[in-house]
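J.: I'd like to ask you about the structure that follows.
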Amino acid sequence: MMQHLSAYVEVGVGAHVDNAVVAWAFDLDLWGVCGQGLQETWALEALTRVAARTRGAPQQVAVVERIHGDEQAFRRDHQPVTSSERTQRL
């Protein structure tokens, strides 16, 4: 059965080479797992392969966020929490 995988894609970053694309998964069982490539498609394919091997099932990947530029993934974390975020429940 196909499982869902949310991917966060960073474009134009310094990774295995300059100006790379990195696709991250932030699910707890895949925390810190990424796929790298010179193109978004390659990075997503690499992430999907690792996730499928880890989870033991094929993965249906969906890009939920694209970030352009190096060291931008956690930019929002440096801002104070908003009122609506404070009232949200996990």
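For the structure tokens, the naming scheme is as follows: chains receive sequential letters (A, B, ...) according to their order of presentation, residues are indexed from 1 within each chain, and ligands are indexed from 1 in presentation order.
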As a PyMOL selection string, list the residues of chain A assigned to strand (DSSP E or B) by DSSP on the backbone atoms of this structure.
T.: chain A and resi 3-13+20-24+34-37+59-68
J.: Just the helix (DSSP H, G or I) stuff from chain A, please, per backbone DSSP, written as number ranges by chain.
T.: A: 28-30, 40-55, 75-78, 83-87
J.: Just to be explicit: take each residue in the selection above, keep N, CA, C and O atoms, and write the result as an mmCIF file, in the first residue's frame.
T.:
```
data_model
loop_
_atom_site.group_PDB
_atom_site.id
_atom_site.type_symbol
_atom_site.label_atom_id
_atom_site.label_comp_id
_atom_site.auth_asym_id
_atom_site.auth_seq_id
_atom_site.Cartn_x
_atom_site.Cartn_y
_atom_site.Cartn_z
ATOM 1 N N LEU A 28 8.561 12.005 12.067
ATOM 2 C CA LEU A 28 9.435 11.531 13.139
ATOM 3 C C LEU A 28 10.254 10.307 12.747
ATOM 4 O O LEU A 28 11.435 10.210 13.077
ATOM 5 N N ASP A 29 9.653 9.370 12.018
ATOM 6 C CA ASP A 29 10.400 8.173 11.640
ATOM 7 C C ASP A 29 11.444 8.442 10.559
ATOM 8 O O ASP A 29 12.297 7.601 10.290
ATOM 9 N N LEU A 30 11.385 9.619 9.938
ATOM 10 C CA LEU A 30 12.343 9.985 8.890
ATOM 11 C C LEU A 30 13.104 11.256 9.239
ATOM 12 O O LEU A 30 13.675 11.897 8.365
ATOM 13 N N GLU A 40 15.289 19.293 -8.765
ATOM 14 C CA GLU A 40 14.280 18.928 -7.773
ATOM 15 C C GLU A 40 13.812 17.487 -7.942
ATOM 16 O O GLU A 40 13.676 16.750 -6.964
ATOM 17 N N THR A 41 13.590 17.074 -9.165
ATOM 18 C CA THR A 41 13.130 15.708 -9.427
ATOM 19 C C THR A 41 14.090 14.678 -8.867
ATOM 20 O O THR A 41 13.673 13.702 -8.242
ATOM 21 N N TRP A 42 15.379 14.887 -9.054
ATOM 22 C CA TRP A 42 16.388 13.935 -8.562
ATOM 23 C C TRP A 42 16.403 13.899 -7.040
ATOM 24 O O TRP A 42 16.527 12.835 -6.439
ATOM 25 N N ALA A 43 16.302 15.055 -6.406
ATOM 26 C CA ALA A 43 16.298 15.107 -4.943
ATOM 27 C C ALA A 43 15.064 14.397 -4.381
ATOM 28 O O ALA A 43 15.155 13.647 -3.407
ATOM 29 N N LEU A 44 13.903 14.607 -5.003
ATOM 30 C CA LEU A 44 12.679 13.946 -4.545
ATOM 31 C C LEU A 44 12.749 12.439 -4.763
ATOM 32 O O LEU A 44 12.310 11.665 -3.908
ATOM 33 N N GLU A 45 13.317 12.014 -5.875
ATOM 34 C CA GLU A 45 13.474 10.578 -6.125
ATOM 35 C C GLU A 45 14.389 9.944 -5.077
ATOM 36 O O GLU A 45 14.109 8.849 -4.579
ATOM 37 N N ALA A 46 15.470 10.634 -4.735
ATOM 38 C CA ALA A 46 16.399 10.112 -3.727
ATOM 39 C C ALA A 46 15.710 10.018 -2.364
ATOM 40 O O ALA A 46 15.845 9.009 -1.652
ATOM 41 N N LEU A 47 14.960 11.044 -1.982
ATOM 42 C CA LEU A 47 14.232 11.027 -0.714
ATOM 43 C C LEU A 47 13.207 9.897 -0.707
ATOM 44 O O LEU A 47 13.078 9.166 0.284
ATOM 45 N N THR A 48 12.488 9.724 -1.791
ATOM 46 C CA THR A 48 11.462 8.691 -1.889
ATOM 47 C C THR A 48 12.064 7.299 -1.739
ATOM 48 O O THR A 48 11.503 6.448 -1.052
ATOM 49 N N ARG A 49 13.228 7.063 -2.350
ATOM 50 C CA ARG A 49 13.893 5.761 -2.233
ATOM 51 C C ARG A 49 14.281 5.459 -0.787
ATOM 52 O O ARG A 49 14.035 4.362 -0.283
ATOM 53 N N VAL A 50 14.877 6.438 -0.116
ATOM 54 C CA VAL A 50 15.290 6.238 1.275
ATOM 55 C C VAL A 50 14.071 6.014 2.171
ATOM 56 O O VAL A 50 14.065 5.125 3.030
ATOM 57 N N ALA A 51 13.027 6.800 1.963
ATOM 58 C CA ALA A 51 11.816 6.673 2.778
ATOM 59 C C ALA A 51 11.156 5.308 2.563
ATOM 60 O O ALA A 51 10.712 4.670 3.526
ATOM 61 N N ALA A 52 11.094 4.855 1.328
ATOM 62 C CA ALA A 52 10.493 3.551 1.033
ATOM 63 C C ALA A 52 11.292 2.428 1.684
ATOM 64 O O ALA A 52 10.715 1.487 2.245
ATOM 65 N N ARG A 53 12.606 2.534 1.652
ATOM 66 C CA ARG A 53 13.459 1.520 2.278
ATOM 67 C C ARG A 53 13.277 1.540 3.800
ATOM 68 O O ARG A 53 13.159 0.496 4.434
ATOM 69 N N THR A 54 13.204 2.729 4.384
ATOM 70 C CA THR A 54 13.040 2.867 5.834
ATOM 71 C C THR A 54 11.675 2.368 6.285
ATOM 72 O O THR A 54 11.553 1.665 7.293
ATOM 73 N N ARG A 55 10.646 2.709 5.539
ATOM 74 C CA ARG A 55 9.273 2.376 5.938
ATOM 75 C C ARG A 55 8.805 1.021 5.421
ATOM 76 O O ARG A 55 7.774 0.517 5.847
ATOM 77 N N ARG A 75 13.870 29.764 9.087
ATOM 78 C CA ARG A 75 13.781 31.214 9.265
ATOM 79 C C ARG A 75 12.582 31.595 10.137
ATOM 80 O O ARG A 75 12.678 32.426 11.015
ATOM 81 N N ARG A 76 11.447 30.957 9.919
ATOM 82 C CA ARG A 76 10.223 31.260 10.681
ATOM 83 C C ARG A 76 10.413 30.977 12.171
ATOM 84 O O ARG A 76 9.802 31.603 13.018
ATOM 85 N N ASP A 77 11.269 30.020 12.508
ATOM 86 C CA ASP A 77 11.484 29.662 13.913
ATOM 87 C C ASP A 77 12.147 30.776 14.717
ATOM 88 O O ASP A 77 12.146 30.740 15.945
ATOM 89 N N HIS A 78 12.692 31.764 14.054
ATOM 90 C CA HIS A 78 13.357 32.866 14.739
ATOM 91 C C HIS A 78 12.399 34.022 15.050
ATOM 92 O O HIS A 78 12.805 35.032 15.586
ATOM 93 N N SER A 83 -0.604 34.681 17.844
ATOM 94 C CA SER A 83 -1.765 34.344 18.680
ATOM 95 C C SER A 83 -2.448 33.078 18.187
ATOM 96 O O SER A 83 -2.825 32.214 18.986
ATOM 97 N N SER A 84 -2.624 32.949 16.897
ATOM 98 C CA SER A 84 -3.299 31.752 16.357
ATOM 99 C C SER A 84 -2.442 30.497 16.568
ATOM 100 O O SER A 84 -2.990 29.423 16.825
ATOM 101 N N GLU A 85 -1.147 30.615 16.477
ATOM 102 C CA GLU A 85 -0.284 29.461 16.735
ATOM 103 C C GLU A 85 -0.370 29.030 18.199
ATOM 104 O O GLU A 85 -0.329 27.838 18.520
ATOM 105 N N ARG A 86 -0.498 30.001 19.070
ATOM 106 C CA ARG A 86 -0.575 29.725 20.506
ATOM 107 C C ARG A 86 -1.817 28.919 20.861
ATOM 108 O O ARG A 86 -1.823 28.133 21.798
ATOM 109 N N THR A 87 -2.915 29.110 20.104
ATOM 110 C CA THR A 87 -4.174 28.438 20.417
ATOM 111 C C THR A 87 -4.304 27.089 19.715
ATOM 112 O O THR A 87 -5.250 26.349 19.994
#
```
J.: Mind checking which residues fall within 10 Å of stretch 8-18 of chain A, counting only C-alpha atoms, ignoring those fewer than 6 positions away in the same chain, and posting them as a PyMOL selection string?
T.: chain A and resi 24-26+34-40+43-44+62-73
J.: For atom CA of A:Met2 and atom CA of A:Ala20, determine how far apart the two atoms are, in Å to one decimal place.
T.: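 Computing it gives 28.1 Å between the two atoms.
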J.: Closest to A:Ala23 among A:Ser6, A:Gln88, A:Thr82, A:Gln60, using only C-alpha atoms?
T.: A:Ser6
J.: How far is it from atom CA of A:Leu5 to atom CA of A:Ala57, in Å with one decimal?
T.: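 Interatomic distance, atom CA of A:Leu5 to atom CA of A:Ala57: 11.1 Å.
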